[in-house]
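Some notes on the structure that comes next.
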Amino acid sequence: MSGFWALLRKDLLVESRARDLLPSMAVLALLLLAVTGAAGVGAPGAPAMLWVTVAVTCALGLLRSFQQETDRDQLHGLRLAGVDPAVLYLAKAAANFVVVATVEIIALGAVTVFFGISIPPRPALPAVLLLGTSSLVASGTLLGGMLAASRMREVLLPVLLLPLSAPAVIAAAGATARLLSPEGGSVAGEIGLLLAFTTLFVAVAVLVFEHVVEE
Amino acid sequence: MTVASGGALLEVRNVTKSYGGRAAVHAVTLAVGAGRTVAVLGPNGAGKSTLLRIAAGIIRPDAGDVLITGRPVTKPEIRRRVGAAGHQTFLYGYLTVEENLRFYAQLYRLDPACIEEGLIRFGLRSHRHRPVRELSRGLAQRVSLARALLHNPTVLLLDEPFTGLDAEAAEALRSAITHLRSRGGAVMLATHAWAEAFELADDAVVLVAGRPALVEETAALDAERLAAVFGTP
């Protein structure tokens, strides 16, 4: 894991200075939720809208995270320094997780306002939010890396990420809907699916990322 | 002349790389020994930058291989012995000069004292807290050179390194190259400026359309012979 903390710290520092990714993602999330809330989607549709919003903003944000490695060929500098591509992926995913999770917290707050729902204290809810975000970030970071050098990346990432992450989005939305309902219920199946989804993409990325970053 | 492969720090063996069916580099073989500098000369589009990127292990050739101290540059631990500075700086615009150098020092697991050395060497101490995106082309190039030399590389690859440098920074670079050679390092320098090659290099390889058109000791070269190979500088 040599270089992981240096890479993670660098990514978060760049994001904190640039201040263009998180604000734009947050504004997009708020707009999507405000429009759908005002359109009368209503409380039953809130969990689905929450996760669709997170997935869409995720597609926007993850694309940018790799641009900071390509505008001055920084990726070449990392390769020269012998950075393990798997470590690069993990550090990128960790930094992306921080950004997407922050947007998700903002979106969750917005859902309560625009959809008029309250969030009951269910212990499984943080787990679903955590694993749903992990699933999106694990698959999105891999795709973001693969598309970093593509001229069509702005179009391709959302087009590929949304169907690819659909199983995770559907599972997370279903589990969130159950946990936000007065009756509650078990979400063990969804949690298992999200855990498997995250593990699968992290494992695949760790194995193939060397080929992804190679020019 | 390029040295025999047995004593070479950098060996490029029969390397070919094509883009879209067009050969950027074709069947190039060269070796750079300890304490030597090889200049890669050629007009724009001759394949100089591609050759340096292949030598650095940044891009894979379609054929042939590159060895650093006898081992393939494809191995990350071998690639770490290479320092490279080119058209792009590999720096992060939102980080300051010092933060960029610290980041690379951490990746190379270096003593933080090397950051100060790099800042002093290239006259960057007064710019240490400035974000790289606010620097002029010349200052950013200085930071890039400080980054490339931070880990005392065995092999230094420089692509048009004097572009944008003022006299003071150019002198600092000449001094750094001399220092690296004196401690047994090897330098490969791509340039289209003949004067730089004559001044700094022991040997020269002239590329024309990706192919080595002339391989010669710089002492045996003159402007007329170079002009005959690829026109006026």
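Labeling convention for the structure tokens: chains A, B, ... as they appear, residues from 1 per chain, ligands from 1 in order of appearance.
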- Pull out every residue of chain B sitting within 8 Å of chain A, counting only C-alpha atoms, and send them as a list in words. Ala56, Gly57, Ile58, Ile59, Arg60, Pro76, Glu77, Arg79, Arg80, Val82, Gly83, Gln88, Thr89, Phe90, Leu91, Tyr92, Tyr94, Leu95, Phe103, Tyr104, Gln106, Leu107 and Tyr108 of chain B
Can you pull out the residues contacting Gly145 of chain A? Cut-off 10 Å, using only C-alpha atoms, and skip same-chain residues under 6 positions away; I want them as a short mmCIF file (atom, residue, chain, number, x, y, z; two decimals) with C-alpha atoms, in the first residue's frame.
```cif
data_model
loop_
_atom_site.label_atom_id
_atom_site.label_comp_id
_atom_site.auth_asym_id
_atom_site.auth_seq_id
_atom_site.Cartn_x
_atom_site.Cartn_y
_atom_site.Cartn_z
CA LEU A 62 -15.80 10.55 -10.94
CA LEU A 63 -14.95 11.75 -14.40
CA SER A 65 -11.24 12.87 -10.47
CA PHE A 66 -9.05 11.40 -13.23
CA GLN A 67 -8.71 14.62 -15.16
CA GLU A 69 -4.02 12.98 -13.49
CA TYR A 89 -7.15 2.83 -7.83
CA LYS A 92 -8.75 7.33 -6.01
CA ALA A 205 -10.09 -3.12 -10.54
CA PHE A 209 -5.93 -1.35 -13.26
CA VAL A 212 -6.14 0.69 -17.46
CA VAL A 213 -3.41 3.23 -16.67
#
```
- Of the residues B:Ile54, B:Ala39, B:Leu149, B:Pro161, which is the one nearest to Asn14 of chain B, using only C-alpha atoms? B:Ile54
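Using only C-alpha atoms, the contacts of Leu164 of chain A at a cut-off of 12 Å, with sequence neighbours closer than 6 positions omitted, comprise Ala55, Ala59, Ser135, Leu136, Val137, Ala138, Ser139, Gly140, Leu142, Leu143, Leu156, Leu157, Pro158, Ile170, Phe197 and Phe201 of chain A.
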Go ahead and write the residues just picked, C-alpha atoms, as an mmCIF file, in the first residue's frame.
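Below is the file result.cif, written as the result:
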```cif
data_model
loop_
_atom_site.group_PDB
_atom_site.id
_atom_site.type_symbol
_atom_site.label_atom_id
_atom_site.label_comp_id
_atom_site.auth_asym_id
_atom_site.auth_seq_id
_atom_site.Cartn_x
_atom_site.Cartn_y
_atom_site.Cartn_z
ATOM 1 C CA ALA A 55 -25.648 7.918 -9.138
ATOM 2 C CA ALA A 59 -21.013 9.967 -12.812
ATOM 3 C CA SER A 135 -20.772 0.179 -4.907
ATOM 4 C CA LEU A 136 -21.158 3.311 -7.026
ATOM 5 C CA VAL A 137 -17.649 4.516 -6.243
ATOM 6 C CA ALA A 138 -15.989 1.126 -6.833
ATOM 7 C CA SER A 139 -17.535 0.711 -10.289
ATOM 8 C CA GLY A 140 -17.371 4.407 -11.173
ATOM 9 C CA LEU A 142 -12.816 1.860 -12.476
ATOM 10 C CA LEU A 143 -14.833 3.271 -15.377
ATOM 11 C CA LEU A 156 -19.545 7.625 -22.018
ATOM 12 C CA LEU A 157 -19.165 7.621 -18.241
ATOM 13 C CA PRO A 158 -22.845 8.294 -17.418
ATOM 14 C CA ILE A 170 -31.936 -0.759 -7.284
ATOM 15 C CA PHE A 197 -21.045 -5.762 -5.822
ATOM 16 C CA PHE A 201 -15.528 -4.293 -8.590
#
```
- Message: Just want the 12 Å neighbourhood of Gln141 of chain B, counted on only C-alpha atoms, with same-chain residues fewer than 3 positions away dropped. Output as a PyMOL selection string.
- Response: (chain A and resi 72) or (chain B and resi 84-91+97+122-124+132-133+135-138+144-148+158-166+169-170+173)
- segment 118-125 of chain A: which residues within 12 Å, counting only C-alpha atoms, same-chain residues fewer than 6 positions away excluded, as a PyMOL selection string? chain A and resi 43+46-47+108-112+131-132+172-191
Go ahead and save the residues from that selection, with N, CA and C atoms, as a PDB file, in the first residue's frame.
```
ATOM      1  N   ALA A  43     -43.401  11.125  -1.146  1.00  0.00           N
ATOM      2  CA  ALA A  43     -42.551  10.353  -0.229  1.00  0.00           C
ATOM      3  C   ALA A  43     -42.220   8.943  -0.727  1.00  0.00           C
ATOM      4  N   ALA A  46     -39.171   8.896  -2.831  1.00  0.00           N
ATOM      5  CA  ALA A  46     -37.980   9.578  -2.311  1.00  0.00           C
ATOM      6  C   ALA A  46     -36.720   8.695  -2.320  1.00  0.00           C
ATOM      7  N   PRO A  47     -36.775   7.446  -1.851  1.00  0.00           N
ATOM      8  CA  PRO A  47     -35.558   6.628  -1.850  1.00  0.00           C
ATOM      9  C   PRO A  47     -34.981   6.409  -3.246  1.00  0.00           C
ATOM     10  N   LEU A 108     -29.431  13.505   1.282  1.00  0.00           N
ATOM     11  CA  LEU A 108     -30.329  12.905   2.277  1.00  0.00           C
ATOM     12  C   LEU A 108     -31.084  13.993   3.038  1.00  0.00           C
ATOM     13  N   GLY A 109     -30.353  15.039   3.394  1.00  0.00           N
ATOM     14  CA  GLY A 109     -30.993  16.183   4.067  1.00  0.00           C
ATOM     15  C   GLY A 109     -32.018  16.835   3.154  1.00  0.00           C
ATOM     16  N   ALA A 110     -31.662  16.952   1.864  1.00  0.00           N
ATOM     17  CA  ALA A 110     -32.570  17.586   0.898  1.00  0.00           C
ATOM     18  C   ALA A 110     -33.837  16.762   0.707  1.00  0.00           C
ATOM     19  N   VAL A 111     -33.697  15.452   0.752  1.00  0.00           N
ATOM     20  CA  VAL A 111     -34.858  14.557   0.585  1.00  0.00           C
ATOM     21  C   VAL A 111     -35.890  14.811   1.691  1.00  0.00           C
ATOM     22  N   THR A 112     -35.392  14.996   2.903  1.00  0.00           N
ATOM     23  CA  THR A 112     -36.330  15.235   4.016  1.00  0.00           C
ATOM     24  C   THR A 112     -37.092  16.545   3.813  1.00  0.00           C
ATOM     25  N   LEU A 131     -22.680   1.128   1.923  1.00  0.00           N
ATOM     26  CA  LEU A 131     -22.414   0.121   0.889  1.00  0.00           C
ATOM     27  C   LEU A 131     -22.937   0.549  -0.484  1.00  0.00           C
ATOM     28  N   GLY A 132     -24.057   1.273  -0.493  1.00  0.00           N
ATOM     29  CA  GLY A 132     -24.558   1.792  -1.774  1.00  0.00           C
ATOM     30  C   GLY A 132     -23.561   2.760  -2.386  1.00  0.00           C
ATOM     31  N   ALA A 172     -29.968  -0.626  -3.324  1.00  0.00           N
ATOM     32  CA  ALA A 172     -29.847   0.431  -2.311  1.00  0.00           C
ATOM     33  C   ALA A 172     -31.163   1.185  -2.159  1.00  0.00           C
ATOM     34  N   ALA A 173     -31.820   1.468  -3.298  1.00  0.00           N
ATOM     35  CA  ALA A 173     -33.095   2.195  -3.245  1.00  0.00           C
ATOM     36  C   ALA A 173     -34.171   1.347  -2.558  1.00  0.00           C
ATOM     37  N   GLY A 174     -34.199   0.063  -2.885  1.00  0.00           N
ATOM     38  CA  GLY A 174     -35.187  -0.834  -2.265  1.00  0.00           C
ATOM     39  C   GLY A 174     -34.969  -0.931  -0.765  1.00  0.00           C
ATOM     40  N   ALA A 175     -33.721  -1.094  -0.370  1.00  0.00           N
ATOM     41  CA  ALA A 175     -33.414  -1.217   1.058  1.00  0.00           C
ATOM     42  C   ALA A 175     -33.717   0.084   1.792  1.00  0.00           C
ATOM     43  N   THR A 176     -33.396   1.213   1.157  1.00  0.00           N
ATOM     44  CA  THR A 176     -33.658   2.516   1.784  1.00  0.00           C
ATOM     45  C   THR A 176     -35.162   2.738   1.942  1.00  0.00           C
ATOM     46  N   ALA A 177     -35.917   2.352   0.922  1.00  0.00           N
ATOM     47  CA  ALA A 177     -37.377   2.508   0.989  1.00  0.00           C
ATOM     48  C   ALA A 177     -37.941   1.702   2.159  1.00  0.00           C
ATOM     49  N   ARG A 178     -37.444   0.487   2.318  1.00  0.00           N
ATOM     50  CA  ARG A 178     -37.930  -0.358   3.420  1.00  0.00           C
ATOM     51  C   ARG A 178     -37.559   0.248   4.773  1.00  0.00           C
ATOM     52  N   LEU A 179     -36.358   0.764   4.868  1.00  0.00           N
ATOM     53  CA  LEU A 179     -35.889   1.303   6.148  1.00  0.00           C
ATOM     54  C   LEU A 179     -36.556   2.635   6.495  1.00  0.00           C
ATOM     55  N   LEU A 180     -37.012   3.363   5.474  1.00  0.00           N
ATOM     56  CA  LEU A 180     -37.678   4.637   5.738  1.00  0.00           C
ATOM     57  C   LEU A 180     -39.176   4.464   5.989  1.00  0.00           C
ATOM     58  N   SER A 181     -39.698   3.276   5.672  1.00  0.00           N
ATOM     59  CA  SER A 181     -41.130   3.041   5.882  1.00  0.00           C
ATOM     60  C   SER A 181     -41.400   2.791   7.365  1.00  0.00           C
ATOM     61  N   PRO A 182     -42.601   3.104   7.823  1.00  0.00           N
ATOM     62  CA  PRO A 182     -42.926   2.911   9.240  1.00  0.00           C
ATOM     63  C   PRO A 182     -42.798   1.450   9.675  1.00  0.00           C
ATOM     64  N   GLU A 183     -43.087   0.529   8.739  1.00  0.00           N
ATOM     65  CA  GLU A 183     -43.053  -0.896   9.113  1.00  0.00           C
ATOM     66  C   GLU A 183     -41.631  -1.431   9.219  1.00  0.00           C
ATOM     67  N   GLY A 184     -40.714  -0.869   8.445  1.00  0.00           N
ATOM     68  CA  GLY A 184     -39.333  -1.369   8.425  1.00  0.00           C
ATOM     69  C   GLY A 184     -39.258  -2.725   7.757  1.00  0.00           C
ATOM     70  N   GLY A 185     -38.307  -3.537   8.129  1.00  0.00           N
ATOM     71  CA  GLY A 185     -38.154  -4.870   7.536  1.00  0.00           C
ATOM     72  C   GLY A 185     -36.696  -5.207   7.348  1.00  0.00           C
ATOM     73  N   SER A 186     -36.449  -6.474   7.016  1.00  0.00           N
ATOM     74  CA  SER A 186     -35.061  -6.915   6.859  1.00  0.00           C
ATOM     75  C   SER A 186     -34.488  -6.448   5.508  1.00  0.00           C
ATOM     76  N   VAL A 187     -33.244  -6.020   5.543  1.00  0.00           N
ATOM     77  CA  VAL A 187     -32.565  -5.623   4.292  1.00  0.00           C
ATOM     78  C   VAL A 187     -31.275  -6.429   4.131  1.00  0.00           C
ATOM     79  N   ALA A 188     -31.238  -7.582   4.762  1.00  0.00           N
ATOM     80  CA  ALA A 188     -30.011  -8.409   4.736  1.00  0.00           C
ATOM     81  C   ALA A 188     -29.635  -8.796   3.297  1.00  0.00           C
ATOM     82  N   GLY A 189     -30.670  -9.118   2.493  1.00  0.00           N
ATOM     83  CA  GLY A 189     -30.402  -9.515   1.103  1.00  0.00           C
ATOM     84  C   GLY A 189     -29.743  -8.390   0.316  1.00  0.00           C
ATOM     85  N   GLU A 190     -30.285  -7.174   0.470  1.00  0.00           N
ATOM     86  CA  GLU A 190     -29.732  -6.018  -0.249  1.00  0.00           C
ATOM     87  C   GLU A 190     -28.319  -5.697   0.232  1.00  0.00           C
ATOM     88  N   ILE A 191     -28.126  -5.798   1.536  1.00  0.00           N
ATOM     89  CA  ILE A 191     -26.789  -5.516   2.076  1.00  0.00           C
ATOM     90  C   ILE A 191     -25.778  -6.531   1.520  1.00  0.00           C
TER      91      ILE A 191
END
```
- Task: Rank nothing, just name the residue among A:Thr57, A:Ser150, A:Thr198, A:Thr36 nearest to Val99 of chain A, using only C-alpha atoms.
- Result: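 Among the listed residues, the smallest separation from Val99 of chain A belongs to A:Thr57.
As for atom CA of His26 of chain B and atom CA of Val12 of chain B, they are spaced 11.7 Å apart.
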- Message: DSSP on the backbone: which residues in segment 10-63 of chain B end up as alpha helix (DSSP H)? Give the answer as a ChimeraX atom specification.
- Response: /B:48-56
- Item | Contacts of Ile78 of chain B at 9 Å (only C-alpha atoms; same-chain gap of 5+ positions) as number ranges by chain | A: 82; B: 67-69, 71-73
- Enumerate as an NGL selection string all residues of segment 16-218 of chain B assigned to strand (DSSP E or B) by DSSP on the backbone, naming them with the chain letters and numbers the document uses. :B and (16-19 or 22-33 or 37-41 or 63-68 or 71-72 or 82-85 or 96 or 131 or 155-159 or 186-191 or 203-208 or 211-217)
- Would you kindly return, as a list in words, each protein, DNA or RNA residue with an atom no farther than 8 Å from any atom of segment 40-49 of chain B, considering only C-alpha atoms and excluding same-chain residues fewer than 3 positions away?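 The neighbour list is Ala24, Val25, Leu52, Arg53, Gly86, Asp159, Met188, Leu189, Ala190, Thr191, His192, Ala193, Trp194, Ala197, Ala204, Val205, Val206, Leu207, Val208, Ala209, Gly210, Arg211, Phe230 and Pro233 of chain B.
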